[in-house]
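Read the structure below first, then the notes.
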Amino acid sequence: QVQVVESGGGSARPGGSLRLTCAASGNIFGITDMGWYRQALRKERELVARITIHGETDYGDSVKGRFTISTDIAKNTVYLQMNNLTPEDAAVYYCNVRTVARGGDFWGQGTQVTVSS
C-alpha cells in the first residue's frame, strides 16, 4: 500500500509565500517523477510543476518564475515553494507520484491553499 501525504497548505496574502511538502511512503519503489497539480473551484485540474528523478522540471505557464519544485528522492519527498502568490493561485493542491511499476500513479488527498487580503 502506498501513501501520499501533502502538508503546508494554508492561507497567504497576495504577494506572500507558502511551501508545500509531499511525502510518499509504504510499498513504493522505482519513482520516476513527482509533481503538483491544482484544482480551483469550478475549474479543471491543471499541472503546477513536475520534476523527474534526474532533476528535469516542467512548470505550468501561470506559475513560471514564481514557483519552484524540488525533491529529495532519498526521502521520497517533493516540495513546492510558492512565491508572489496571487488570488488565482487559490486551489486544492494535489501531489502525484509516478513509478516504473504498472499502474504506478499515486495521488494525495490534497491540501488547500487560500490567497486573500
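Quick note on naming: the chains in the C-alpha cells go A, B, ... in the order shown, residues restart at 1 in each chain, and ligands are numbered from 1 in order of appearance.
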Next item on the list: Find the spatial neighbours of A:Gln112, counting only C-alpha atoms, within a cut-off of 7 Å - ignore same-chain residues fewer than 3 positions away - and output them as a ChimeraX atom specification.
Entry: /A:9-10,91-93
Note to self: as a PyMOL selection string, please: every residue in chain A that a backbone DSSP assignment puts in strand (DSSP E).
What the structure shows: chain A and resi 2-7+10-12+18-26+31-39+46-52+57-59+67-72+77-82+91-99+105-107+111-115
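When atom CA of A:Gly16 is paired with atom CA of A:Lys64, their separation reads 15.9 Å.
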Which residues come within 6 Å of A:Arg50, counting only C-alpha atoms, excluding same-chain residues fewer than 4 positions away, as a JSON list (two decimals) with N, CA and C atoms, in the first residue's frame?
[["chain", "number", "residue", "atom", "x", "y", "z"],
["A", 34, "MET", "N", 7.75, 13.14, -9.71],
["A", 34, "MET", "CA", 6.77, 13.60, -8.73],
["A", 34, "MET", "C", 6.30, 14.98, -9.14],
["A", 35, "GLY", "N", 5.08, 15.30, -8.79],
["A", 35, "GLY", "CA", 4.60, 16.58, -9.24],
["A", 35, "GLY", "C", 3.45, 17.12, -8.43],
["A", 57, "THR", "N", 12.60, 19.55, -14.86],
["A", 57, "THR", "CA", 11.39, 20.15, -14.35],
["A", 57, "THR", "C", 10.49, 20.65, -15.48],
["A", 58, "ASP", "N", 9.23, 20.76, -15.14],
["A", 58, "ASP", "CA", 8.23, 21.29, -16.06],
["A", 58, "ASP", "C", 7.25, 22.09, -15.22]]
Taking only residues of stretch 2-67 of chain A that have an atom at most 8 Å from an atom of stretch 96-101 of chain A, what is each one's shortest atom pair and its distance in Å to one decimal, using only C-alpha atoms, in chain and number order, as a Markdown table?
| residue | atom | partner | partner_atom | distance |
| --- | --- | --- | --- | --- |
| A:Val4 | CA | A:Val97 | CA | 7.8 |
| A:Ala24 | CA | A:Val97 | CA | 7.6 |
| A:Ile28 | CA | A:Thr99 | CA | 7.9 |
| A:Phe29 | CA | A:Thr99 | CA | 6.8 |
| A:Gly30 | CA | A:Thr99 | CA | 5.1 |
| A:Ile31 | CA | A:Thr99 | CA | 4.1 |
| A:Thr32 | CA | A:Thr99 | CA | 5.0 |
| A:Asp33 | CA | A:Arg98 | CA | 5.5 |
| A:Met34 | CA | A:Val97 | CA | 4.5 |
| A:Gly35 | CA | A:Asn96 | CA | 5.1 |
| A:Trp36 | CA | A:Asn96 | CA | 6.1 |
| A:Tyr37 | CA | A:Asn96 | CA | 7.5 |
Margin query: Ranking A:Val115, A:Leu18, A:Leu85, A:Val78 by minimum distance to A:Ser62 and counting only C-alpha atoms, which one comes first?
Written below: A:Leu85
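Here atom CA of A:Ile73 stands at a distance of 24.5 Å from atom CA of A:Val113.
Taking atom CA of A:Gly8 and atom CA of A:Gly26 as endpoints, the distance between them is 20.8 Å.
Minimum distance to A:Pro14 across A:Ala90, A:Ile69, A:Val2, A:Ala40 (counting only C-alpha atoms) occurs at A:Ala90.
Minimum atom-to-atom distances from A:Arg45, A:Arg66, A:Lys75, A:Arg102 to A:Gly15 were compared using only C-alpha atoms, and the lowest value belongs to A:Arg66.
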